[in-house]
>>> print(open('input13.cif').read())   # mmCIF, C-alpha atoms
data_run
loop_
_atom_site.label_atom_id
_atom_site.label_comp_id
_atom_site.auth_asym_id
_atom_site.auth_seq_id
_atom_site.Cartn_x
_atom_site.Cartn_y
_atom_site.Cartn_z
CA MET A 21 83.06 81.17 97.03
CA SER A 22 83.06 77.64 98.45
CA THR A 23 82.70 77.01 102.19
CA ASP A 24 86.20 75.55 102.57
CA ILE A 25 87.84 78.64 101.08
CA ALA A 26 85.71 80.98 103.16
CA GLU A 27 86.65 79.10 106.35
CA ALA A 28 90.34 79.16 105.42
CA ARG A 29 90.20 82.89 104.87
CA ARG A 30 88.50 83.50 108.18
CA ALA A 31 91.32 81.53 109.77
CA GLY A 32 93.82 83.96 108.22
CA ALA A 33 95.18 81.73 105.44
CA SER A 34 94.24 84.01 102.59
CA PRO A 35 96.64 86.81 101.58
CA ARG A 36 93.62 89.04 100.79
CA ARG A 37 91.96 88.87 104.21
CA SER A 38 90.20 91.85 105.82
CA GLY A 39 93.29 93.73 107.02
CA GLY A 40 95.49 92.20 104.37
CA LEU A 41 98.84 93.13 102.95
CA LEU A 42 99.19 96.40 101.04
CA ARG A 43 102.10 96.77 98.64
CA LEU A 44 102.99 100.39 97.99
CA ALA A 45 105.69 102.27 96.13
CA THR A 46 106.97 105.81 96.65
CA CYS A 47 108.15 107.76 93.62
CA GLY A 48 108.80 111.32 92.49
CA SER A 49 111.60 113.63 91.48
CA VAL A 50 115.01 114.11 93.09
CA ASP A 51 114.96 115.56 96.63
CA ASP A 52 111.18 115.47 96.94
CA GLY A 53 111.70 113.68 100.25
CA LYS A 54 110.77 110.08 99.42
CA SER A 55 113.32 108.46 101.72
CA THR A 56 112.50 110.88 104.53
CA LEU A 57 108.81 110.08 104.15
CA VAL A 58 109.46 106.34 104.36
CA GLY A 59 111.73 106.88 107.35
CA ARG A 60 109.03 108.96 109.04
CA LEU A 61 106.47 106.19 108.47
CA LEU A 62 108.81 103.61 109.97
CA TYR A 63 109.82 105.85 112.88
CA ASP A 64 106.34 107.03 113.85
CA THR A 65 104.82 103.54 113.59
CA LYS A 66 107.53 102.22 115.95
CA SER A 67 108.90 99.95 113.22
CA VAL A 68 112.58 100.82 113.78
CA LEU A 69 114.74 98.54 115.91
CA ALA A 70 116.79 100.16 118.65
CA ASP A 71 120.14 99.27 117.07
CA GLN A 72 118.98 100.63 113.69
CA LEU A 73 117.97 103.92 115.28
CA ALA A 74 121.28 104.15 117.17
CA ALA A 75 123.22 103.62 113.93
CA ILE A 76 121.19 106.33 112.17
CA GLU A 77 121.69 108.78 115.03
CA GLU A 78 125.45 108.16 114.96
CA ALA A 79 125.61 108.59 111.16
CA SER A 80 123.61 111.82 111.44
CA ARG A 81 125.94 113.22 114.13
CA ARG A 82 128.94 112.52 111.89
CA ARG A 83 127.26 114.62 109.22
CA GLY A 84 126.71 117.49 111.67
CA GLN A 85 122.96 116.96 112.14
CA ASP A 86 121.35 117.32 115.57
CA ASP A 87 118.27 115.21 114.75
CA PRO A 88 118.37 111.73 113.19
CA ASP A 89 118.21 111.79 109.38
CA LEU A 90 115.27 109.46 108.80
CA ALA A 91 116.15 109.10 105.11
CA LEU A 92 119.06 106.91 106.14
CA LEU A 93 116.62 104.23 107.24
CA THR A 94 115.98 103.40 103.58
CA ASP A 95 119.13 104.61 101.80
CA GLY A 96 120.89 101.32 102.45
CA LEU A 97 123.71 101.43 99.91
CA ARG A 98 126.92 103.12 100.99
CA ALA A 99 126.89 105.23 97.82
CA GLU A 100 123.36 106.38 98.66
CA ARG A 101 124.34 107.51 102.13
CA GLU A 102 127.41 109.33 100.88
CA GLN A 103 125.58 111.12 98.05
CA GLY A 104 122.28 111.63 99.86
CA ILE A 105 120.27 110.08 97.01
CA THR A 106 118.34 106.87 96.38
CA ILE A 107 119.85 104.62 93.70
CA ASP A 108 118.34 101.19 94.22
CA VAL A 109 114.79 100.17 95.17
CA ALA A 110 114.68 99.83 98.95
CA TYR A 111 112.03 97.44 100.28
CA ARG A 112 110.77 97.84 103.82
CA TYR A 113 108.18 95.92 105.84
CA PHE A 114 106.10 97.48 108.58
CA ALA A 115 102.76 96.85 110.21
CA THR A 116 100.06 98.52 112.27
CA PRO A 117 97.21 96.87 114.19
CA ARG A 118 95.02 97.37 111.11
CA ARG A 119 97.23 96.24 108.20
CA ARG A 120 100.61 94.97 107.04
CA PHE A 121 102.71 96.83 104.44
CA ILE A 122 105.55 96.17 102.02
CA LEU A 123 106.95 99.47 100.80
CA ALA A 124 109.26 100.04 97.83
CA ASP A 125 111.18 103.33 97.99
CA THR A 126 112.15 104.00 94.36
CA PRO A 127 114.79 106.40 92.96
CA GLY A 128 114.01 109.88 91.69
CA HIS A 129 116.88 110.43 89.24
CA VAL A 130 115.96 110.09 85.56
CA GLN A 131 118.69 107.51 84.94
CA TYR A 132 117.16 105.26 87.60
CA THR A 133 113.57 105.47 86.35
CA ARG A 134 113.86 101.80 85.37
CA ASN A 135 114.03 100.95 89.08
CA MET A 136 110.66 102.65 89.59
CA VAL A 137 109.13 100.18 87.10
CA THR A 138 110.44 97.36 89.27
CA GLY A 139 109.00 98.79 92.47
CA ALA A 140 105.59 99.72 91.05
CA SER A 141 104.98 96.59 88.96
CA THR A 142 103.47 94.70 91.91
CA ALA A 143 102.15 97.69 93.88
CA ASP A 144 98.55 98.13 95.02
CA LEU A 145 99.18 101.82 95.65
CA ALA A 146 101.69 104.43 94.46
CA VAL A 147 102.66 107.52 96.45
CA ILE A 148 103.83 110.22 94.03
CA LEU A 149 105.67 112.98 95.87
CA VAL A 150 105.87 116.59 94.79
CA ASP A 151 108.08 119.22 96.43
CA ALA A 152 105.74 122.11 97.31
CA ARG A 153 108.49 124.60 96.42
CA LYS A 154 109.01 123.20 92.91
CA GLY A 155 105.57 121.98 91.98
CA VAL A 156 104.91 119.42 89.24
CA VAL A 157 108.06 118.70 87.19
CA GLU A 158 108.77 116.42 84.23
CA GLN A 159 109.96 113.52 86.39
CA THR A 160 106.73 113.75 88.38
CA MET A 161 104.77 113.20 85.17
CA ARG A 162 107.11 110.43 84.05
CA HIS A 163 106.32 108.53 87.21
CA ALA A 164 102.62 109.35 86.80
CA ALA A 165 102.76 107.89 83.28
CA ILE A 166 104.43 104.70 84.50
CA THR A 167 101.89 104.43 87.32
CA ALA A 168 99.06 104.71 84.78
CA LEU A 169 100.75 102.29 82.39
CA LEU A 170 101.27 99.69 85.13
CA ARG A 171 97.63 100.15 86.19
CA VAL A 172 98.46 100.64 89.86
CA PRO A 173 94.98 100.56 91.45
CA HIS A 174 95.39 103.49 93.88
CA VAL A 175 97.44 106.71 93.79
CA VAL A 176 98.29 109.27 96.47
CA LEU A 177 99.63 112.69 95.48
CA ALA A 178 101.80 113.64 98.46
CA VAL A 179 102.60 117.36 98.36
CA ASN A 180 105.65 117.37 100.62
CA LYS A 181 107.69 120.13 102.30
CA MET A 182 104.60 122.25 102.93
CA ASP A 183 106.47 123.77 105.88
CA ALA A 184 108.83 125.38 103.35
CA VAL A 185 105.93 127.36 101.80
CA ASP A 186 104.37 128.41 105.13
CA CYS A 187 101.72 125.68 104.78
CA GLU A 188 99.80 127.83 102.31
CA GLU A 189 96.60 126.18 101.10
CA SER A 190 96.77 128.07 97.79
CA VAL A 191 100.12 126.45 96.95
CA PHE A 192 98.68 123.00 97.64
CA THR A 193 95.55 123.68 95.58
CA ALA A 194 97.53 124.93 92.58
CA ILE A 195 99.76 121.84 92.57
CA VAL A 196 96.79 119.49 92.87
CA ASP A 197 94.96 121.23 90.02
CA GLU A 198 97.98 121.07 87.70
CA PHE A 199 98.72 117.43 88.49
CA THR A 200 95.09 116.40 88.09
CA ALA A 201 94.86 118.04 84.66
CA ARG A 202 98.14 116.65 83.33
CA ALA A 203 97.71 113.19 84.85
CA GLY A 204 94.24 112.95 83.36
CA GLU A 205 95.77 113.28 79.88
CA LEU A 206 97.90 110.21 80.70
CA GLY A 207 94.87 108.23 81.85
CA LEU A 208 95.62 108.57 85.56
CA THR A 209 92.58 109.67 87.55
CA GLY A 210 91.30 109.48 91.09
CA ALA A 211 94.51 110.43 92.92
CA VAL A 212 94.03 111.34 96.61
CA ALA A 213 96.00 114.50 97.48
CA ILE A 214 97.53 115.00 100.94
CA PRO A 215 99.60 118.04 102.07
CA MET A 216 102.45 117.06 104.39
CA SER A 217 105.88 117.62 105.80
CA ALA A 218 107.79 114.37 106.09
CA LEU A 219 110.60 116.10 107.97
CA ALA A 220 108.28 117.51 110.65
CA GLY A 221 105.84 114.60 110.54
CA ASP A 222 102.81 116.69 109.53
CA ASN A 223 99.97 114.57 108.08
CA VAL A 224 102.17 111.48 107.74
CA VAL A 225 101.11 109.54 110.82
CA GLU A 226 99.83 112.40 112.97
CA ALA A 227 97.49 115.15 111.78
CA SER A 228 99.07 118.56 111.27
CA THR A 229 98.17 121.48 113.50
CA ALA A 230 99.83 123.87 111.04
CA MET A 231 97.41 122.96 108.20
CA ASP A 232 94.02 123.08 109.88
CA TRP A 233 92.46 123.88 106.49
CA TYR A 234 93.08 120.23 105.50
CA THR A 235 90.41 117.92 106.89
CA GLY A 236 91.25 114.66 105.10
CA ASP A 237 93.08 111.56 106.34
CA THR A 238 96.75 111.43 107.17
CA LEU A 239 98.84 109.28 104.86
CA LEU A 240 98.93 106.34 107.27
CA ALA A 241 95.18 106.50 107.90
CA HIS A 242 94.56 106.41 104.16
CA LEU A 243 96.96 103.49 103.70
CA GLU A 244 95.21 101.57 106.47
CA HIS A 245 91.75 101.93 104.96
CA VAL A 246 92.23 102.01 101.18
CA PRO A 247 90.57 98.97 99.54
CA LEU A 248 92.95 96.32 98.29
CA GLY A 249 93.09 95.63 94.57
CA ALA A 250 90.88 93.12 92.80
CA ASP A 251 91.06 89.66 94.33
CA PRO A 252 93.10 87.48 91.93
CA THR A 253 90.95 84.49 92.84
CA GLY A 254 88.07 86.09 90.94
CA LYS A 255 89.97 85.96 87.65
CA PRO A 256 90.25 82.94 85.31
CA LEU A 257 92.75 80.24 86.24
CA ARG A 258 96.34 80.89 85.19
CA LEU A 259 99.16 78.67 86.51
CA PRO A 260 102.52 79.09 84.76
CA VAL A 261 104.51 75.88 85.20
CA GLN A 262 107.89 76.57 86.79
CA TYR A 263 109.16 73.07 87.50
CA VAL A 264 108.18 69.45 86.82
CA ILE A 265 108.65 67.15 89.84
CA ARG A 266 108.93 63.38 89.45
CA GLN A 267 108.48 61.32 92.60
CA PRO A 268 107.51 57.73 93.48
CA SER A 269 103.83 57.07 94.06
CA GLY A 270 102.51 55.85 97.40
CA ASP A 271 102.93 52.19 96.39
CA ARG A 272 106.43 52.84 94.98
CA GLN A 273 105.44 51.02 91.79
CA THR A 274 105.05 54.06 89.54
CA VAL A 275 106.39 57.60 89.25
CA GLU A 276 104.04 60.56 89.67
CA ARG A 277 104.55 63.83 87.75
CA TRP A 278 103.71 67.01 89.64
CA LEU A 279 103.63 70.43 87.99
CA ALA A 280 104.85 73.18 90.33
CA GLY A 281 104.33 76.92 90.03
CA GLN A 282 102.70 80.00 91.54
CA LEU A 283 99.06 80.66 90.73
CA ALA A 284 98.91 83.96 88.86
CA SER A 285 95.12 84.07 89.20
CA GLY A 286 92.05 81.98 89.87
CA LEU A 287 91.10 78.97 91.97
CA LEU A 288 92.11 75.36 91.45
CA ARG A 289 90.31 72.35 92.92
CA VAL A 290 90.78 68.62 92.70
CA GLY A 291 88.47 67.48 89.92
CA ASP A 292 88.74 70.71 87.87
CA PRO A 293 89.27 70.37 84.11
CA VAL A 294 92.29 72.31 82.79
CA VAL A 295 93.74 73.23 79.41
CA VAL A 296 97.52 73.25 78.97
CA GLN A 297 98.47 76.27 76.84
CA PRO A 298 99.80 76.85 74.26
CA ALA A 299 99.66 73.15 73.29
CA GLY A 300 95.91 72.91 73.95
CA ALA A 301 95.99 69.49 75.68
CA THR A 302 93.23 68.87 78.24
CA SER A 303 93.17 66.94 81.49
CA THR A 304 91.71 66.89 85.01
CA VAL A 305 93.33 67.77 88.34
CA VAL A 306 93.63 64.67 90.56
CA GLY A 307 96.06 66.00 93.16
CA LEU A 308 97.04 69.32 94.79
CA SER A 309 99.82 70.10 97.26
CA VAL A 310 100.53 73.41 99.02
CA LEU A 311 103.63 73.71 101.21
CA GLY A 312 104.12 69.95 100.98
CA ARG A 313 100.63 69.14 102.26
CA LYS A 314 97.84 67.59 100.19
CA THR A 315 94.80 69.82 99.78
CA ASP A 316 91.56 69.92 97.81
CA VAL A 317 91.73 73.59 96.83
CA ALA A 318 94.33 76.31 96.16
CA TRP A 319 94.05 79.95 95.14
CA ALA A 320 96.22 82.78 93.82
CA PRO A 321 98.89 83.76 94.72
CA GLN A 322 99.73 80.47 96.44
CA SER A 323 102.56 78.28 95.18
CA VAL A 324 101.18 74.85 94.38
CA ALA A 325 102.06 71.46 92.93
CA VAL A 326 99.46 69.87 90.63
CA ARG A 327 99.04 66.28 89.45
CA LEU A 328 97.00 65.64 86.32
CA ALA A 329 94.97 62.56 85.46
CA ASP A 330 96.58 62.07 82.05
CA GLU A 331 100.20 61.45 81.10
CA ILE A 332 100.55 64.44 78.82
CA ASP A 333 103.76 66.27 78.01
CA VAL A 334 103.88 69.46 80.08
CA ALA A 335 107.12 71.45 80.45
CA ARG A 336 108.34 74.59 82.19
CA GLY A 337 106.84 77.68 80.61
CA GLU A 338 103.47 76.19 79.73
CA VAL A 339 100.37 77.50 81.48
CA LEU A 340 97.48 75.60 83.07
CA THR A 341 94.31 77.52 82.21
CA ALA A 342 90.54 77.25 82.38
CA ASP A 343 87.77 79.02 80.48
CA PRO A 344 87.94 81.73 79.42
CA ALA A 345 91.39 80.62 78.25
CA PRO A 346 93.76 82.91 76.34
CA ARG A 347 94.27 82.34 72.65
CA PRO A 348 97.91 81.41 72.02
CA GLN A 349 99.52 83.96 69.72
CA ARG A 350 102.84 84.87 68.18
CA ARG A 351 102.17 88.51 67.33
CA LEU A 352 101.95 90.85 70.30
CA THR A 353 100.95 94.50 70.40
CA ALA A 354 102.30 96.10 73.54
CA THR A 355 103.44 99.20 75.37
CA VAL A 356 106.96 99.09 76.81
CA CYS A 357 109.08 101.03 79.26
CA HIS A 358 112.57 100.89 77.78
CA LEU A 359 115.10 100.33 80.55
CA ASP A 360 118.46 99.96 78.80
CA ASP A 361 120.81 102.74 77.72
CA ARG A 362 121.00 101.16 74.26
CA PRO A 363 117.99 102.00 72.05
CA LEU A 364 115.30 99.49 71.11
CA ARG A 365 114.92 99.50 67.33
CA THR A 366 112.70 98.03 64.64
CA GLY A 367 114.16 94.75 63.38
CA GLN A 368 116.02 94.01 66.62
CA ARG A 369 116.25 90.37 67.73
CA VAL A 370 115.54 89.82 71.41
CA LEU A 371 114.48 87.19 73.92
CA LEU A 372 110.99 87.59 75.35
CA LYS A 373 110.36 86.32 78.90
CA HIS A 374 106.69 85.72 79.67
CA THR A 375 105.95 84.27 83.13
CA THR A 376 108.27 81.22 83.28
CA ARG A 377 108.89 80.91 79.53
CA THR A 378 111.59 82.58 77.43
CA VAL A 379 111.44 82.50 73.62
CA PRO A 380 113.32 84.22 70.75
CA ALA A 381 111.46 87.20 69.31
CA LEU A 382 111.73 89.98 66.74
CA VAL A 383 110.76 93.63 67.23
CA GLU A 384 108.69 94.03 64.07
CA SER A 385 108.11 97.74 64.60
CA VAL A 386 108.43 100.53 67.13
CA THR A 387 105.18 102.36 66.51
CA TYR A 388 105.44 105.48 68.68
CA ARG A 389 107.18 107.20 71.59
CA THR A 390 105.21 108.99 74.31
CA ASP A 391 106.19 112.60 74.96
CA ILE A 392 105.51 112.84 78.69
CA ALA A 393 105.60 116.65 78.73
CA VAL A 394 102.61 117.00 76.39
CA ALA A 395 101.06 113.51 76.77
CA ARG A 396 101.24 112.81 73.04
CA ARG A 397 102.42 109.82 71.01
CA LEU A 398 105.08 110.87 68.52
CA PRO A 399 106.47 109.01 65.49
CA CYS A 400 109.57 107.05 66.44
CA GLN A 401 112.24 106.93 63.76
CA ASP A 402 115.32 106.13 65.83
CA GLY A 403 113.86 103.64 68.30
CA LEU A 404 113.23 104.01 72.00
CA ALA A 405 115.98 105.47 74.18
CA GLY A 406 116.55 104.67 77.85
CA ASN A 407 113.51 105.50 80.02
CA ASP A 408 111.28 106.08 76.97
CA ILE A 409 107.72 104.76 76.94
CA GLY A 410 106.38 103.63 73.58
CA GLY A 411 104.47 101.13 71.50
CA VAL A 412 105.88 98.03 69.81
CA ARG A 413 104.75 95.08 67.73
CA ILE A 414 106.61 91.84 68.41
CA LEU A 415 106.77 88.49 66.61
CA THR A 416 107.72 85.50 68.78
CA ALA A 417 109.28 82.25 67.58
CA GLU A 418 106.68 80.22 69.50
CA PRO A 419 103.07 80.95 70.49
CA LEU A 420 102.47 82.31 74.00
CA ALA A 421 99.38 82.14 76.20
CA VAL A 422 99.13 85.86 76.99
CA ASP A 423 96.31 87.96 78.40
CA ASP A 424 95.81 91.68 77.99
CA TYR A 425 97.61 93.49 80.82
CA ALA A 426 94.34 95.23 81.71
CA ASP A 427 92.83 91.81 82.47
CA ASN A 428 95.78 90.16 84.23
CA ARG A 429 98.94 91.99 85.33
CA ARG A 430 100.92 88.75 85.70
CA THR A 431 100.13 87.01 82.40
CA GLY A 432 99.83 90.25 80.45
CA SER A 433 103.39 91.43 81.16
CA PHE A 434 106.77 90.43 79.76
CA LEU A 435 110.44 91.39 79.58
CA LEU A 436 112.59 91.91 76.51
CA ILE A 437 116.15 90.61 77.00
CA ASP A 438 119.34 91.05 75.00
CA PRO A 439 120.28 87.58 73.72
CA GLN A 440 123.99 88.48 73.69
CA ASP A 441 124.59 89.58 77.27
CA GLY A 442 121.31 88.77 79.07
CA ALA A 443 120.61 92.41 79.97
CA THR A 444 116.98 93.41 80.48
CA LEU A 445 116.03 95.83 77.71
CA SER A 446 112.35 96.64 78.24
CA ALA A 447 109.36 95.84 80.42
CA GLY A 448 106.22 95.34 78.35
CA MET A 449 102.45 95.27 78.81
CA VAL A 450 100.23 93.53 76.25
CA ASP A 451 97.38 95.75 75.01
CA ALA A 452 96.03 94.07 71.89
CA GLY A 453 92.97 96.31 71.59
CA ALA A 454 94.81 99.64 71.84
CA ASP A 455 95.38 102.06 68.98
CA HIS A 456 99.14 102.04 68.42
CA GLN A 457 99.33 104.85 65.89
CA PRO A 458 101.10 108.14 66.66
CA ASP A 459 98.87 111.13 67.43
CA HIS A 460 98.27 113.44 64.50
#
>>> encode(input="input13.cif", output="structure tokens")
Amino acid sequence: MSTDIAEARRAGASPRRSGGLLRLATCGSVDDGKSTLVGRLLYDTKSVLADQLAAIEEASRRRGQDDPDLALLTDGLRAEREQGITIDVAYRYFATPRRRFILADTPGHVQYTRNMVTGASTADLAVILVDARKGVVEQTMRHAAITALLRVPHVVLAVNKMDAVDCEESVFTAIVDEFTARAGELGLTGAVAIPMSALAGDNVVEASTAMDWYTGDTLLAHLEHVPLGADPTGKPLRLPVQYVIRQPSGDRQTVERWLAGQLASGLLRVGDPVVVQPAGATSTVVGLSVLGRKTDVAWAPQSVAVRLADEIDVARGEVLTADPAPRPQRRLTATVCHLDDRPLRTGQRVLLKHTTRTVPALVESVTYRTDIAVARRLPCQDGLAGNDIGGVRILTAEPLAVDDYADNRRTGSFLLIDPQDGATLSAGMVDAGADHQPDH
């Protein structure tokens, strides 16, 4: 790492500094206590404003509750408060002296599983809740499968409502053993299990006195110390172009072209050679601007404007890359989470959105559907239904500079869109090297 970057990071400019920002998502089945857990985190870390707390206390009194219902801190939609469920993804920011957090509270109902994909797609850590009274259910494993598919770096298995089972260690152990075995079949390993009661606050922020058999960290302590995901600056350069800016040069005699976008990965310095994909044109960086200020270096995930030495045709949707550069391709093999109520079928025409580029595409085949209950890939004759996870092969009208999702979450992901009404159909992850045949 160069001296200038190291000094900038020590000054706090880097988003991956020592304390850093942790993005986390909570997920699980209906009534597992996700919203209450988030509310408890906010309440016990003193992240609730006085007027917010007063409003929650008043709403709780109207519902006949003596104590404030902490779930109402995240159930922001009126329909959510009336029904007592989470429908939309609720994002909340809070901080402790050790770290900052952005938390996505995702819905538990099956019909809103698509919202969990949204919340977990950028997460560094997923908290999967299980109700100690019910144990591991199908929706638990559905969220575990999505967590594994999205390659969320860290997972916490939060066994909630332990107070409802007399804080029995044997109940906790049985749930952890079952989840570990079933999640392992989905490729999800290394989950950290924590017994807790979000309602009472046990092992959320403060250690529980009712479960002295548990000697691990509380949830907050774990969140404060878990390592952040891989630094995106260590990956090859990827800069999807979002906008082309034309502005007069310093002498007002010529017009300069600046390419603006957010760095998906890598470092970019003045003087670096770049390859514009998928066209393959080459040039050299002669100017960089971050937040309107000229600079000599930029790194992911900063938004940056770039000026190239050569007058080459670069448009929105193209990607500035450096070795090892992706090979532009039109045929993609991928795994998708199908989000729409209408099925995704072989032969269907769609639009494919990859980073800042959208191109027409054809679903050449739907190769399998994953049966979450038994962790097997089954033949798929009728296409993928809403909330299904399966494999597809796609042909695009134009070549795309894609990476495998395992290598780069930003440039290895895409959306499938209905060309008629613009609805999002599926969220996809490129996995060119995977075996996409059904299990026998």
>>> resolve_selection(input="input13.cif", expression="the PyMOL selection byres ((chain A and resi 204-217) around 7)", output="list in words")
Ala165, Ala168, Val175, Val176, Leu177, Ala178, Val179, Asn180, Lys181, Met182, Asp183, Phe192, Val196, Thr200, Ala201, Arg202, Ala203, Ala218, Leu219, Ala220, Gly221, Asp222, Asn223, Val224 and Ala395 of chain A
>>> write_last_selection(input="input13.cif", atoms="C-alpha atoms", output="PDB file, keeping the file's coordinate frame")
ATOM      1  CA  ALA A 165     102.760 107.890  83.280  1.00  0.00           C
ATOM      2  CA  ALA A 168      99.060 104.710  84.780  1.00  0.00           C
ATOM      3  CA  VAL A 175      97.440 106.710  93.790  1.00  0.00           C
ATOM      4  CA  VAL A 176      98.290 109.270  96.470  1.00  0.00           C
ATOM      5  CA  LEU A 177      99.630 112.690  95.480  1.00  0.00           C
ATOM      6  CA  ALA A 178     101.800 113.640  98.460  1.00  0.00           C
ATOM      7  CA  VAL A 179     102.600 117.360  98.360  1.00  0.00           C
ATOM      8  CA  ASN A 180     105.650 117.370 100.620  1.00  0.00           C
ATOM      9  CA  LYS A 181     107.690 120.130 102.300  1.00  0.00           C
ATOM     10  CA  MET A 182     104.600 122.250 102.930  1.00  0.00           C
ATOM     11  CA  ASP A 183     106.470 123.770 105.880  1.00  0.00           C
ATOM     12  CA  PHE A 192      98.680 123.000  97.640  1.00  0.00           C
ATOM     13  CA  VAL A 196      96.790 119.490  92.870  1.00  0.00           C
ATOM     14  CA  THR A 200      95.090 116.400  88.090  1.00  0.00           C
ATOM     15  CA  ALA A 201      94.860 118.040  84.660  1.00  0.00           C
ATOM     16  CA  ARG A 202      98.140 116.650  83.330  1.00  0.00           C
ATOM     17  CA  ALA A 203      97.710 113.190  84.850  1.00  0.00           C
ATOM     18  CA  ALA A 218     107.790 114.370 106.090  1.00  0.00           C
ATOM     19  CA  LEU A 219     110.600 116.100 107.970  1.00  0.00           C
ATOM     20  CA  ALA A 220     108.280 117.510 110.650  1.00  0.00           C
ATOM     21  CA  GLY A 221     105.840 114.600 110.540  1.00  0.00           C
ATOM     22  CA  ASP A 222     102.810 116.690 109.530  1.00  0.00           C
ATOM     23  CA  ASN A 223      99.970 114.570 108.080  1.00  0.00           C
ATOM     24  CA  VAL A 224     102.170 111.480 107.740  1.00  0.00           C
ATOM     25  CA  ALA A 395     101.060 113.510  76.770  1.00  0.00           C
TER      26      ALA A 395
END
>>> residues_around(input="input13.cif", residues="Leu398 (chain A)", least_positions_apart="4", cutoff="8 Å", atoms="only C-alpha atoms", output="PyMOL selection string")
chain A and resi 388-391+458-459
>>> closest_residue(input="input13.cif", among="A:Leu340, A:Leu239, A:Val157, A:Leu445", to="Arg258 (chain A)", atoms="all atoms listed in the file")
A:Leu340
>>> closest_residue(input="input13.cif", among="A:Pro380, A:Gly337, A:Gly236, A:Gly432", to="Tyr263 (chain A)", atoms="only C-alpha atoms")
A:Gly337
>>> residues_around(input="input13.cif", residues="region 281-286 of chain A", least_positions_apart="4", cutoff="10 Å", atoms="all atoms listed in the file", output="number ranges by chain")
A: 251-264, 318-326, 336-337, 339-342, 375-376, 428-431
>>> closest_residue(input="input13.cif", among="A:Arg266, A:Val137, A:Val50, A:Leu243", to="Asn407 (chain A)", atoms="only C-alpha atoms")
A:Val137
>>> atom_distance(input="input13.cif", atom1="CA of Ala354 (chain A)", atom2="CA of Leu372 (chain A)")
12.3 Å
>>> atom_distance(input="input13.cif", atom1="CA of Val317 (chain A)", atom2="CA of Thr304 (chain A)")
13.6 Å
>>> atom_distance(input="input13.cif", atom1="CA of Leu435 (chain A)", atom2="CA of Ser141 (chain A)")
12.0 Å
>>> residues_near_point(input="input13.cif", point="(106.7, 65.2, 87.2)", cutoff="12 Å", atoms="all atoms listed in the file", output="list in words")
Val261, Gln262, Tyr263, Val264, Ile265, Arg266, Gln267, Pro268, Ser269, Thr274, Val275, Glu276, Arg277, Trp278, Leu279, Ala280, Ala325, Val326, Arg327, Leu328, Asp330, Glu331, Ile332, Asp333, Val334, Ala335 and Arg336 of chain A
>>> axis_aligned_box(input="input13.cif", around="region 231-235 of chain A", padding_each_side="3 Å", output="JSON")
{"center_x": 93.9, "center_y": 120.9, "center_z": 107.7, "size_x": 13.0, "size_y": 12.0, "size_z": 10.4}
